[in-house]
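For reference, final_30.cif is printed below; it contains mmCIF, C-alpha atoms.
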```cif
data_data
#
loop_
_atom_site.label_atom_id
_atom_site.label_comp_id
_atom_site.auth_asym_id
_atom_site.auth_seq_id
_atom_site.Cartn_x
_atom_site.Cartn_y
_atom_site.Cartn_z
CA MET S 1 3.71 35.13 -10.74
CA GLU S 2 7.23 33.68 -10.33
CA SER S 3 8.19 36.32 -7.76
CA VAL S 4 5.08 35.56 -5.69
CA LEU S 5 5.76 31.81 -5.78
CA LYS S 6 9.41 32.34 -4.85
CA LYS S 7 8.47 34.58 -1.91
CA VAL S 8 5.92 32.07 -0.55
CA GLU S 9 8.44 29.23 -0.95
CA GLU S 10 11.18 31.14 0.88
CA LEU S 11 8.90 32.08 3.78
CA ALA S 12 7.52 28.54 4.04
CA LEU S 13 11.04 27.14 4.26
CA LEU S 14 11.93 29.77 6.86
CA HIS S 15 8.97 29.18 9.18
CA ASP S 16 7.98 25.55 8.65
CA ARG S 17 11.26 23.77 9.37
CA ILE S 18 11.29 21.98 12.72
CA ASP S 19 13.77 22.92 15.42
CA PRO S 20 15.21 19.58 16.71
CA GLU S 21 15.65 21.14 20.15
CA ILE S 22 11.90 21.79 20.48
CA VAL S 23 11.20 18.20 19.41
CA ARG S 24 13.48 16.87 22.17
CA GLU S 25 12.33 19.35 24.79
CA LYS S 26 8.60 18.75 24.25
CA ASN S 27 9.03 15.01 23.55
CA ILE S 28 7.11 15.34 20.28
CA LYS S 29 6.24 12.02 18.61
CA LEU S 30 7.02 13.00 15.02
CA GLY S 31 5.33 10.66 12.57
CA LEU S 32 3.41 9.29 15.58
CA ARG S 33 6.49 7.27 16.48
CA ASN S 34 8.18 6.81 19.86
CA LYS S 35 11.89 7.51 20.33
CA ASP S 36 12.68 3.79 19.92
CA GLY S 37 10.91 3.70 16.54
CA SER S 38 7.79 1.90 17.70
CA GLY S 39 4.38 3.34 16.83
CA VAL S 40 2.35 5.47 19.23
CA PHE S 41 -0.90 3.77 20.23
CA VAL S 42 -3.74 5.95 18.91
CA GLY S 43 -6.57 3.45 18.59
CA ILE S 44 -7.72 -0.11 18.96
CA THR S 45 -8.63 -2.62 16.26
CA SER S 46 -9.55 -6.26 15.80
CA LYS S 47 -8.60 -6.27 12.10
CA GLY S 48 -4.86 -6.53 11.51
CA GLN S 49 -1.87 -7.05 13.76
CA VAL S 50 1.71 -6.57 12.56
CA ILE S 51 4.51 -7.99 14.73
CA GLY S 52 8.22 -7.46 14.12
CA TYR S 53 9.70 -7.05 17.58
CA GLU S 54 9.00 -7.64 21.24
CA LYS S 55 9.63 -5.27 24.12
CA ILE S 56 11.93 -6.55 26.84
CA ILE S 57 13.18 -5.01 30.08
CA SER S 58 16.98 -4.95 30.27
CA GLY S 59 18.98 -5.47 33.44
CA ASP S 60 19.09 -1.73 34.12
CA GLY S 61 15.29 -1.53 33.87
CA VAL S 62 15.20 0.09 30.43
CA GLU S 63 12.56 -1.13 27.99
CA LYS S 64 14.09 -2.03 24.62
CA LEU S 65 12.87 -3.46 21.33
CA HIS S 66 14.06 -6.98 20.56
CA PRO S 67 13.87 -7.97 16.86
CA ILE S 68 11.93 -11.16 16.06
CA ALA S 69 10.71 -12.90 12.91
CA GLY S 70 7.80 -10.98 11.42
CA LYS S 71 4.21 -12.10 11.74
CA LEU S 72 1.00 -10.74 10.20
CA TYR S 73 -2.45 -11.57 11.56
CA TYR S 74 -5.91 -10.85 10.15
CA CYS S 75 -8.57 -10.86 12.89
CA GLY S 76 -6.29 -13.13 14.93
CA TYR S 77 -5.51 -15.58 12.12
CA ASP S 78 -1.94 -15.94 10.84
CA VAL S 79 -1.96 -14.82 7.19
CA GLU S 80 0.48 -17.62 6.40
CA ASP S 81 -2.19 -20.10 7.56
CA LEU S 82 -4.80 -18.41 5.36
CA VAL S 83 -2.52 -18.80 2.33
CA SER S 84 -1.37 -22.35 3.08
CA GLY S 85 -4.97 -23.35 3.83
CA LYS S 86 -6.35 -22.21 0.49
CA GLU S 87 -3.37 -23.77 -1.31
CA ARG S 88 -3.96 -27.15 0.35
CA GLU S 89 -7.62 -26.99 -0.63
CA LYS S 90 -6.68 -25.87 -4.18
CA ARG S 91 -8.98 -22.85 -4.19
CA PHE S 92 -8.78 -19.08 -4.26
CA GLY S 93 -8.68 -17.25 -0.93
CA PHE S 94 -9.05 -13.51 -1.45
CA GLU S 95 -12.84 -13.53 -1.09
CA GLU S 96 -12.49 -15.50 2.16
CA THR S 97 -9.99 -12.88 3.38
CA VAL S 98 -12.35 -10.01 2.56
CA TYR S 99 -15.20 -11.73 4.42
CA LEU S 100 -12.92 -12.31 7.42
CA LEU S 101 -11.81 -8.67 7.56
CA LEU S 102 -15.35 -7.32 7.28
CA THR S 103 -16.95 -9.70 9.77
CA GLY S 104 -14.15 -10.90 12.04
CA GLU S 105 -15.05 -14.53 11.33
CA LEU S 106 -14.04 -17.14 8.75
CA PRO S 107 -17.01 -17.92 6.47
CA SER S 108 -18.75 -21.26 6.27
CA LYS S 109 -18.79 -22.91 2.86
CA GLY S 110 -22.29 -21.61 2.19
CA ASP S 111 -21.50 -18.08 3.40
CA LEU S 112 -18.36 -17.93 1.25
CA LYS S 113 -20.30 -19.05 -1.82
CA SER S 114 -23.01 -16.43 -1.24
CA PHE S 115 -20.51 -13.66 -0.49
CA SER S 116 -18.38 -14.46 -3.55
CA ALA S 117 -21.49 -14.46 -5.73
CA GLU S 118 -22.50 -11.06 -4.33
CA LEU S 119 -19.08 -9.62 -5.18
CA GLY S 120 -19.39 -11.09 -8.67
CA ARG S 121 -22.79 -9.46 -9.20
CA ARG S 122 -21.50 -6.06 -8.13
CA ARG S 123 -18.41 -5.89 -10.39
CA ALA S 124 -20.04 -4.27 -13.41
CA LEU S 125 -19.97 -0.46 -13.67
CA PRO S 126 -22.85 1.83 -14.66
CA GLU S 127 -22.64 2.96 -18.30
CA GLU S 128 -22.20 6.57 -17.14
CA ALA S 129 -19.13 5.55 -15.11
CA LYS S 130 -17.60 3.96 -18.22
CA GLU S 131 -18.11 7.24 -20.07
CA ILE S 132 -16.31 9.16 -17.32
CA ILE S 133 -13.39 6.72 -17.60
CA LEU S 134 -13.23 6.96 -21.38
CA ASN S 135 -13.31 10.76 -21.26
CA ARG S 136 -10.33 11.05 -18.91
CA PRO S 137 -7.15 12.51 -20.49
CA LYS S 138 -4.79 9.78 -21.75
CA HIS S 139 -1.85 11.16 -19.79
CA ASP S 140 -3.71 10.85 -16.49
CA ASP S 141 -1.89 8.99 -13.72
CA GLN S 142 -3.48 5.62 -12.88
CA MET S 143 -3.82 6.34 -9.15
CA CYS S 144 -5.30 9.77 -9.85
CA SER S 145 -7.74 8.14 -12.26
CA LEU S 146 -8.73 5.61 -9.61
CA HIS S 147 -9.30 8.45 -7.14
CA THR S 148 -11.49 10.31 -9.64
CA ILE S 149 -13.69 7.35 -10.55
CA VAL S 150 -14.16 6.15 -6.97
CA SER S 151 -15.18 9.67 -5.99
CA ALA S 152 -17.65 9.72 -8.90
CA MET S 153 -19.28 6.48 -7.73
CA HIS S 154 -21.27 8.48 -5.17
CA LEU S 155 -23.32 9.74 -8.13
CA PHE S 156 -24.85 6.29 -8.53
CA ASP S 157 -25.77 5.81 -4.87
CA LYS S 158 -29.24 6.88 -3.66
CA THR S 159 -27.94 7.46 -0.12
CA PRO S 160 -24.25 8.37 -0.62
CA ASN S 161 -23.85 10.34 2.60
CA SER S 162 -25.47 7.85 4.94
CA THR S 163 -23.36 6.61 7.83
CA ASP S 164 -25.93 4.02 8.83
CA ILE S 165 -23.93 0.82 9.22
CA ARG S 166 -26.14 -1.07 6.77
CA ASP S 167 -25.56 1.53 4.04
CA VAL S 168 -21.86 1.76 4.80
CA THR S 169 -21.50 -2.02 4.60
CA ARG S 170 -23.29 -2.08 1.25
CA GLN S 171 -21.11 0.74 -0.09
CA CYS S 172 -17.91 -0.95 1.08
CA ILE S 173 -18.79 -4.31 -0.49
CA ASP S 174 -19.77 -2.52 -3.69
CA LEU S 175 -16.43 -0.68 -3.90
CA ILE S 176 -14.42 -3.82 -3.10
CA ALA S 177 -16.20 -5.54 -6.00
CA LYS S 178 -15.78 -2.61 -8.41
CA PHE S 179 -12.14 -1.64 -7.75
CA PRO S 180 -10.73 -4.31 -10.13
CA THR S 181 -13.12 -3.22 -12.89
CA ILE S 182 -12.29 0.46 -12.43
CA ILE S 183 -8.55 -0.23 -12.46
CA ALA S 184 -8.75 -2.47 -15.53
CA TYR S 185 -10.90 0.05 -17.43
CA ASN S 186 -8.65 2.98 -16.49
CA TYR S 187 -5.66 1.16 -17.95
CA GLN S 188 -7.51 -0.01 -21.05
CA ALA S 189 -8.72 3.52 -21.72
CA LYS S 190 -5.16 4.79 -21.47
CA MET S 191 -3.91 2.18 -23.95
CA MET S 192 -6.71 2.51 -26.55
CA GLU S 193 -5.73 4.38 -29.71
CA LYS S 194 -9.39 5.17 -30.33
CA ARG S 195 -11.56 4.96 -27.26
CA ASP S 196 -14.59 2.74 -27.70
CA ARG S 197 -16.89 1.54 -24.93
CA LYS S 198 -17.41 -1.74 -26.78
CA LYS S 199 -13.71 -2.60 -26.31
CA LEU S 200 -14.03 -2.61 -22.53
CA ILE S 201 -14.16 -6.22 -21.35
CA GLU S 202 -17.12 -6.93 -19.09
CA PRO S 203 -16.27 -8.61 -15.77
CA ASP S 204 -17.14 -12.29 -15.47
CA PRO S 205 -19.23 -12.86 -12.31
CA ASP S 206 -18.36 -16.56 -12.33
CA LEU S 207 -14.62 -15.94 -11.90
CA GLY S 208 -12.90 -15.11 -8.63
CA ALA S 209 -11.42 -11.65 -8.08
CA ALA S 210 -7.88 -12.64 -9.10
CA GLU S 211 -8.90 -14.57 -12.21
CA ASN S 212 -11.40 -11.92 -13.26
CA PHE S 213 -8.94 -9.03 -13.05
CA LEU S 214 -6.30 -10.82 -15.12
CA TYR S 215 -9.01 -11.82 -17.60
CA MET S 216 -10.18 -8.21 -17.93
CA LEU S 217 -6.64 -7.04 -18.63
CA SER S 218 -5.87 -9.55 -21.39
CA GLY S 219 -9.20 -10.96 -22.52
CA LYS S 220 -7.99 -14.45 -21.62
CA VAL S 221 -8.62 -16.51 -18.50
CA PRO S 222 -5.18 -16.94 -16.88
CA ASP S 223 -3.54 -20.28 -16.17
CA ARG S 224 -4.18 -21.68 -12.70
CA PHE S 225 -0.64 -21.10 -11.34
CA THR S 226 -0.67 -17.41 -12.29
CA ALA S 227 -4.20 -16.84 -10.99
CA GLU S 228 -3.46 -18.52 -7.64
CA LEU S 229 -0.24 -16.56 -7.22
CA PHE S 230 -2.02 -13.28 -7.95
CA ASP S 231 -4.76 -14.31 -5.51
CA THR S 232 -2.08 -14.74 -2.84
CA MET S 233 -0.66 -11.30 -3.64
CA LEU S 234 -4.10 -9.81 -3.05
CA ILE S 235 -4.35 -11.61 0.30
CA PHE S 236 -0.94 -10.32 1.40
CA HIS S 237 -1.83 -6.72 0.53
CA ALA S 238 -5.39 -6.76 1.88
CA GLU S 239 -4.59 -5.44 5.36
CA HIS S 240 -1.66 -4.31 7.49
CA GLY S 241 -3.02 -2.95 10.74
CA GLY S 242 -4.65 0.37 11.52
CA GLY S 243 -1.37 2.27 11.70
CA ASN S 244 -0.24 2.08 8.09
CA ASN S 245 -0.59 5.49 6.48
CA SER S 246 -3.48 4.84 4.09
CA THR S 247 -5.57 2.89 6.62
CA PHE S 248 -4.98 5.49 9.33
CA THR S 249 -5.97 8.18 6.82
CA THR S 250 -9.16 6.28 6.00
CA ARG S 251 -9.95 5.99 9.69
CA CYS S 252 -9.27 9.71 10.29
CA VAL S 253 -11.62 10.77 7.51
CA SER S 254 -14.22 8.19 8.56
CA SER S 255 -14.13 9.49 12.13
CA SER S 256 -15.27 12.94 10.92
CA GLY S 257 -18.53 11.52 9.59
CA ALA S 258 -17.45 11.81 5.94
CA ASN S 259 -19.13 9.45 3.50
CA THR S 260 -17.67 6.14 2.34
CA TYR S 261 -16.53 7.46 -1.05
CA MET S 262 -14.57 10.34 0.48
CA ALA S 263 -13.01 8.07 3.11
CA ILE S 264 -11.88 5.47 0.57
CA CYS S 265 -10.59 8.22 -1.73
CA ALA S 266 -8.50 9.46 1.19
CA GLY S 267 -6.93 6.01 1.42
CA ILE S 268 -6.18 6.07 -2.32
CA ALA S 269 -4.58 9.51 -2.00
CA SER S 270 -2.34 8.30 0.81
CA LEU S 271 -1.34 5.13 -1.04
CA SER S 272 -0.33 7.16 -4.11
CA GLY S 273 2.59 8.62 -2.15
CA HIS S 274 6.00 7.19 -3.09
CA LEU S 275 6.81 6.47 0.56
CA HIS S 276 3.80 4.14 0.83
CA GLY S 277 2.38 2.51 -2.29
CA GLY S 278 5.02 3.16 -4.93
CA ALA S 279 7.90 1.29 -3.34
CA ASN S 280 7.82 -1.76 -5.64
CA GLU S 281 8.06 0.51 -8.68
CA ALA S 282 11.09 2.15 -7.05
CA VAL S 283 12.65 -1.30 -6.55
CA VAL S 284 12.27 -2.10 -10.26
CA ARG S 285 13.90 1.23 -11.18
CA MET S 286 16.73 0.55 -8.73
CA ILE S 287 17.35 -2.96 -10.10
CA ASN S 288 17.41 -1.64 -13.67
CA ASP S 289 19.94 1.01 -12.62
CA ILE S 290 22.13 -1.63 -10.95
CA LYS S 291 21.98 -3.85 -14.05
CA ARG S 292 23.07 -0.95 -16.25
CA ASN S 293 26.01 -0.03 -14.03
CA LEU S 294 27.44 -3.41 -13.01
CA ARG S 295 29.79 -5.27 -15.30
CA ASP S 296 29.06 -8.59 -13.60
CA TRP S 297 25.79 -9.08 -11.72
CA GLU S 298 27.10 -12.33 -10.26
CA ASN S 299 30.14 -10.74 -8.59
CA ASP S 300 29.41 -10.43 -4.87
CA GLU S 301 32.01 -7.72 -4.28
CA GLU S 302 30.80 -5.62 -7.21
CA VAL S 303 27.20 -5.80 -5.97
CA LYS S 304 28.29 -4.88 -2.44
CA CYS S 305 30.36 -1.89 -3.61
CA TYR S 306 27.47 -0.51 -5.66
CA LEU S 307 25.05 -0.86 -2.75
CA GLU S 308 27.50 1.06 -0.59
CA ARG S 309 27.57 3.81 -3.21
CA ILE S 310 23.75 3.90 -3.13
CA ILE S 311 23.78 4.28 0.67
CA ASP S 312 26.40 7.05 0.33
CA LYS S 313 24.14 8.90 -2.15
CA LYS S 314 26.69 8.50 -4.92
CA ALA S 315 24.63 6.13 -7.09
CA GLY S 316 21.02 5.30 -7.95
CA ASP S 317 18.65 8.21 -7.43
CA LYS S 318 21.07 9.73 -4.85
CA SER S 319 18.48 9.41 -2.09
CA GLY S 320 20.63 7.04 -0.04
CA LYS S 321 17.82 4.48 -0.02
CA ILE S 322 17.99 0.83 -0.99
CA TYR S 323 14.35 0.37 -1.98
CA GLY S 324 12.46 -2.65 -0.72
CA LEU S 325 14.61 -2.70 2.41
CA GLY S 326 13.36 -1.86 5.90
CA HIS S 327 9.93 -1.51 7.46
CA ALA S 328 8.28 0.50 10.22
CA VAL S 329 7.50 -2.69 12.20
CA TYR S 330 9.22 -5.75 10.71
CA THR S 331 12.85 -6.22 11.72
CA LEU S 332 14.27 -9.70 11.06
CA SER S 333 11.79 -10.70 8.35
CA ASP S 334 8.59 -9.78 6.51
CA PRO S 335 6.49 -12.97 6.18
CA ARG S 336 5.11 -11.80 2.85
CA ALA S 337 8.60 -11.31 1.42
CA VAL S 338 9.64 -14.79 2.57
CA PHE S 339 6.79 -16.30 0.54
CA LEU S 340 7.44 -14.12 -2.52
CA GLU S 341 11.11 -15.03 -2.58
CA GLU S 342 10.13 -18.70 -2.97
CA ARG S 343 7.56 -17.95 -5.69
CA GLY S 344 9.93 -15.50 -7.36
CA GLU S 345 12.50 -18.25 -7.78
CA GLU S 346 9.87 -20.48 -9.42
CA LEU S 347 8.85 -17.69 -11.79
CA ALA S 348 12.47 -16.94 -12.66
CA LYS S 349 12.94 -20.53 -13.80
CA MET S 350 9.64 -20.51 -15.72
CA TYR S 351 10.50 -17.31 -17.62
CA GLY S 352 14.26 -17.71 -18.01
CA ARG S 353 15.13 -14.89 -15.61
CA GLU S 354 17.34 -16.83 -13.19
CA LYS S 355 20.29 -14.44 -13.55
CA GLU S 356 18.12 -11.42 -12.75
CA PHE S 357 16.57 -13.17 -9.76
CA LEU S 358 20.03 -14.08 -8.50
CA LEU S 359 20.81 -10.35 -8.44
CA TYR S 360 17.68 -9.74 -6.34
CA ARG S 361 18.77 -12.44 -3.93
CA LYS S 362 22.32 -11.09 -3.65
CA ILE S 363 20.96 -7.66 -2.78
CA ALA S 364 18.57 -9.23 -0.24
CA GLU S 365 21.48 -11.07 1.40
CA THR S 366 23.92 -8.15 1.37
CA ALA S 367 21.92 -4.96 1.96
CA PRO S 368 20.60 -5.60 5.52
CA GLY S 369 24.15 -6.11 6.81
CA LEU S 370 25.40 -2.94 5.15
CA VAL S 371 22.60 -0.87 6.70
CA ASN S 372 23.24 -2.44 10.10
CA ASP S 373 26.96 -1.65 9.85
CA ARG S 374 26.39 1.94 8.71
CA LYS S 375 23.34 2.93 10.75
CA GLY S 376 23.10 0.35 13.52
CA LYS S 377 19.58 -0.63 12.44
CA VAL S 378 18.18 -4.14 12.09
CA VAL S 379 16.29 -4.20 8.78
CA CYS S 380 14.93 -6.81 6.43
CA ILE S 381 13.72 -7.13 2.87
CA ASN S 382 10.03 -6.20 2.70
CA VAL S 383 7.17 -7.30 0.46
CA ASP S 384 7.85 -4.54 -2.07
CA PHE S 385 11.30 -5.92 -2.87
CA TYR S 386 9.98 -8.97 -4.74
CA SER S 387 6.41 -7.96 -5.64
CA GLY S 388 7.42 -5.90 -8.69
CA PHE S 389 9.46 -8.81 -10.06
CA VAL S 390 6.52 -11.17 -9.56
CA TYR S 391 4.05 -8.78 -11.21
CA ASP S 392 6.40 -8.23 -14.15
CA CYS S 393 6.83 -11.98 -14.69
CA ILE S 394 3.07 -12.54 -14.90
CA GLY S 395 2.65 -9.69 -17.37
CA ILE S 396 1.25 -6.87 -15.24
CA PRO S 397 2.39 -3.41 -16.43
CA LYS S 398 4.34 -1.24 -14.01
CA GLU S 399 1.65 1.49 -14.05
CA LEU S 400 -0.70 -0.95 -12.30
CA PHE S 401 1.58 -1.99 -9.42
CA THR S 402 0.19 0.61 -6.99
CA PRO S 403 -3.45 0.45 -8.21
CA ILE S 404 -3.33 -3.32 -7.59
CA PHE S 405 -2.11 -2.57 -4.07
CA ALA S 406 -5.24 -0.41 -3.68
CA MET S 407 -7.41 -3.15 -5.22
CA ALA S 408 -6.39 -5.45 -2.39
CA ARG S 409 -6.10 -2.89 0.43
CA VAL S 410 -9.58 -1.46 -0.13
CA SER S 411 -10.88 -4.48 1.79
CA GLY S 412 -8.76 -3.45 4.78
CA TRP S 413 -9.78 0.19 4.42
CA ALA S 414 -13.44 -0.86 4.32
CA ALA S 415 -13.09 -3.06 7.41
CA HIS S 416 -11.41 -0.25 9.34
CA ARG S 417 -13.99 2.30 8.17
CA ILE S 418 -16.81 0.16 9.49
CA GLU S 419 -14.95 -0.36 12.77
CA GLU S 420 -14.22 3.38 13.10
CA ILE S 421 -17.87 4.31 12.57
CA ILE S 422 -18.98 1.75 15.16
CA GLN S 423 -16.44 3.12 17.66
CA GLY S 424 -17.63 6.64 16.80
CA ARG S 425 -15.14 9.23 18.04
CA ILE S 426 -13.47 11.85 15.88
CA ILE S 427 -9.66 11.59 15.75
CA ARG S 428 -8.09 14.82 16.92
CA PRO S 429 -4.44 14.71 18.08
CA SER S 430 -2.61 17.86 19.25
CA TYR S 431 0.31 19.79 17.77
CA VAL S 432 2.82 21.83 19.78
CA SER S 433 3.55 25.33 18.46
CA SER S 434 7.03 25.86 17.02
CA LEU S 435 6.83 29.61 17.71
CA LYS S 436 8.88 31.19 20.51
CA GLY S 437 5.94 33.27 21.64
CA MET S 438 3.01 35.41 20.54
CA ARG S 439 3.54 38.32 18.12
CA SER S 440 2.05 41.82 17.99
CA TYR S 441 0.04 42.83 14.93
CA VAL S 442 1.76 45.42 12.68
CA PRO S 443 -0.39 47.69 10.45
CA LEU S 444 0.13 47.19 6.73
CA SER S 445 1.71 50.64 6.35
CA GLY S 446 4.40 49.74 8.87
CA ARG S 447 5.56 46.42 7.37
CA ARG S 448 8.89 46.18 5.51
CA GLY S 449 9.51 44.46 2.16
#
```

Would you mind writing the file out in structure tokens?
Amino acid sequence: MESVLKKVEELALLHDRIDPEIVREKNIKLGLRNKDGSGVFVGITSKGQVIGYEKIISGDGVEKLHPIAGKLYYCGYDVEDLVSGKEREKRFGFEETVYLLLTGELPSKGDLKSFSAELGRRRALPEEAKEIILNRPKHDDQMCSLHTIVSAMHLFDKTPNSTDIRDVTRQCIDLIAKFPTIIAYNYQAKMMEKRDRKKLIEPDPDLGAAENFLYMLSGKVPDRFTAELFDTMLIFHAEHGGGNNSTFTTRCVSSSGANTYMAICAGIASLSGHLHGGANEAVVRMINDIKRNLRDWENDEEVKCYLERIIDKKAGDKSGKIYGLGHAVYTLSDPRAVFLEERGEELAKMYGREKEFLLYRKIAETAPGLVNDRKGKVVCINVDFYSGFVYDCIGIPKELFTPIFAMARVSGWAAHRIEEIIQGRIIRPSYVSSLKGMRSYVPLSGRRG
């Protein structure tokens, strides 16, 4: 078996590597990105808009990207206004955000009340689904578990394969409501010494999504500050335009006519990748490594030198990456990170972690300049840099960082799925062949090796 695997690996490495000359010659948009780093337009959406630069024409007529402060819009509304609005009115805002993404309109007071109640009614899982969760192996990865259970939810749908917009809308709302319950139960099942269905905490339909999830994890209704902060985190992660990897994946699968469960599972699969959903966990690992290796966290020069060693692949995980830094669109700032830095400072004071937060801030102030000096790229701290610290402060285990991302982003996936089905055209880009030419078939008896 080993010899077969080795042979396949060697041949794959031989034939699948990309010749940079072909990429340049054919003007291939690897990663669906233009030469200047901007994304290739492959679709149109009314859901999310991510802005981090503007295109300007220079004096010699060349179009260039000009970095600007980052902005994020949901259906044309600035996400910062959505957050500040719900804070002023002293209420939760995630349900309002979900309604906005699905419909394109802000709900009236009555519509919001009805929609929130509907989500509350749909949170509970069928008893058979609980049994599937409890029978999963304890070592199972939390994102893989989420994928499994969401896939299994088609078993409890009378018309699982329907792409009628009414059925799809119902399925999407049902999954948005059930994601927190599935994620909480998956984690509880993992932590139980002896698995017992009676130990699973039933969702409370009278609580909002943020409060309910934290309640299901601990068995206690969280304090208002924590619940509102978690609610804001859900809003920030709910949507990020059609081009982010998991949303684009959901749209691709939806465009084929696949059912809602398969399409949403595709989004989960994409988000499980360490280049997409696992970045905040990587930040926490990086910070812990820095703390272990620095004599004085408060020494600016020592922090800078260690970051340089990380970039040079001499420290950390030797990848050369400073995690939580840089973004495909944002350049000068990520509006979500700006908010979380402020809340992170408050949490640091509340939980006696000021020194640790100061290290985060030093890295945030130093790292962008180092990357700019070394690589000539304008980069900023992104939402993942502070989100792990915030989650840790409010008692959320690291294994749930990415599932919580999915818990919020499923609303965006659902909105894009509905939009993709309404637009109704299968996504089918083209690939250029890397081969030099066609080859003649050789009979088996005449092949070497």

Report as number ranges by chain all protein, DNA and RNA residues lying within 12 Å of region 184-194 of chain S, evaluated on only C-alpha atoms, omitting residues in the same chain fewer than 6 positions from it. S: 123-125, 129-150, 178, 200-203, 212-219, 396-401, 403-404, 407

What lies within 6 Å of region 335-352 of chain S using all atoms listed in the file, ignoring chain neighbours under 4 positions off, as a PyMOL selection string? chain S and resi 70+382-383+390

Within 12 Å of Ile427 (chain S), counting all atoms listed in the file, which residues show up once you throw out same-chain ones fewer than 4 positions away? Write them as a PDB file with C-alpha atoms, in the coordinates of the input, please.
```
ATOM      1  CA  VAL S  42      -3.740   5.950  18.910  1.00  0.00           C
ATOM      2  CA  GLY S  43      -6.570   3.450  18.590  1.00  0.00           C
ATOM      3  CA  PHE S 248      -4.980   5.490   9.330  1.00  0.00           C
ATOM      4  CA  THR S 249      -5.970   8.180   6.820  1.00  0.00           C
ATOM      5  CA  THR S 250      -9.160   6.280   6.000  1.00  0.00           C
ATOM      6  CA  ARG S 251      -9.950   5.990   9.690  1.00  0.00           C
ATOM      7  CA  CYS S 252      -9.270   9.710  10.290  1.00  0.00           C
ATOM      8  CA  VAL S 253     -11.620  10.770   7.510  1.00  0.00           C
ATOM      9  CA  SER S 254     -14.220   8.190   8.560  1.00  0.00           C
ATOM     10  CA  SER S 255     -14.130   9.490  12.130  1.00  0.00           C
ATOM     11  CA  SER S 256     -15.270  12.940  10.920  1.00  0.00           C
ATOM     12  CA  GLY S 257     -18.530  11.520   9.590  1.00  0.00           C
ATOM     13  CA  GLU S 420     -14.220   3.380  13.100  1.00  0.00           C
ATOM     14  CA  ILE S 421     -17.870   4.310  12.570  1.00  0.00           C
ATOM     15  CA  GLN S 423     -16.440   3.120  17.660  1.00  0.00           C
TER      16      GLN S 423
END
```

Selection in question (the file shown): the PyMOL selection byres ((chain S and resi 309) around 12). Which residues does it include, as JSON, numbers by chain? {"S": [290, 293, 302, 303, 304, 305, 306, 307, 308, 310, 311, 312, 313, 314, 315, 316, 317, 318, 319, 320, 321, 322, 367, 370]}

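Picture a line from CA of Gly376 (chain S) to CA of Lys291 (chain S); it runs 27.9 Å.
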
Kindly list the centre and edge lengths in Å, rounded to one decimal, for the axis-aligned box that covers all listed atoms of region 37-53 of chain S plus 3 Å on each of its six sides, as AutoDock Vina command-line options.
```
--center_x 0.7 --center_y -1.0 --center_z 15.9 --size_x 26.5 --size_y 19.9 --size_z 14.7
```

Which one of S:Ile22, S:Val79, S:Val432, S:Val221 sits closest to Val50 (chain S) if you count only C-alpha atoms? S:Val79

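Straight-line separation from CA of Ile183 (chain S) to CA of Asp167 (chain S): 23.8 Å.
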
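Using all atoms listed in the file, the smallest distance between any of S:Ser433, S:Gly61, S:Ile165, S:Ile68 and Val379 (chain S) comes from S:Ile68.
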
Surrounding residues of Val40 (chain S) excluding itself and chain neighbours under 6 positions, 12 Å, only C-alpha atoms, as a PyMOL selection string: chain S and resi 28-34+242-244+328-329+429

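A straight line drawn from CA of Leu101 (chain S) to CA of Cys380 (chain S) is 26.8 Å long.
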
I'd like the neighbourhood of Met262 (chain S) as a ChimeraX atom specification, where a residue qualifies if any of its atoms comes within 7 Å (using only C-alpha atoms), though same-chain residues fewer than 4 positions away should be ignored. /S:151,258,266

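Distance check against Glu25 (chain S) using only C-alpha atoms: of S:Phe179, S:Tyr386, S:Ser434, S:Pro205, the minimum falls on S:Ser434.
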
Hey, what comes out of the PyMOL selection byres ((chain S and resi 97) around 9) on this file? Could you write it as a PDB file with C-alpha atoms, keeping the file's coordinate frame?
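Ended up saving to part_27.pdb:
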```pdb
ATOM      1  CA  TYR S  74      -5.910 -10.850  10.150  1.00  0.00           C
ATOM      2  CA  LEU S  82      -4.800 -18.410   5.360  1.00  0.00           C
ATOM      3  CA  GLY S  93      -8.680 -17.250  -0.930  1.00  0.00           C
ATOM      4  CA  PHE S  94      -9.050 -13.510  -1.450  1.00  0.00           C
ATOM      5  CA  GLU S  95     -12.840 -13.530  -1.090  1.00  0.00           C
ATOM      6  CA  GLU S  96     -12.490 -15.500   2.160  1.00  0.00           C
ATOM      7  CA  VAL S  98     -12.350 -10.010   2.560  1.00  0.00           C
ATOM      8  CA  TYR S  99     -15.200 -11.730   4.420  1.00  0.00           C
ATOM      9  CA  LEU S 100     -12.920 -12.310   7.420  1.00  0.00           C
ATOM     10  CA  LEU S 101     -11.810  -8.670   7.560  1.00  0.00           C
ATOM     11  CA  LEU S 102     -15.350  -7.320   7.280  1.00  0.00           C
ATOM     12  CA  LEU S 106     -14.040 -17.140   8.750  1.00  0.00           C
ATOM     13  CA  ILE S 235      -4.350 -11.610   0.300  1.00  0.00           C
ATOM     14  CA  ALA S 238      -5.390  -6.760   1.880  1.00  0.00           C
ATOM     15  CA  SER S 411     -10.880  -4.480   1.790  1.00  0.00           C
TER      16      SER S 411
END
```

For a quick check of understanding, using only C-alpha atoms, which of S:Phe236, S:Tyr360, S:Tyr323, S:Tyr391 has the smallest distance to Trp297 (chain S)? S:Tyr360
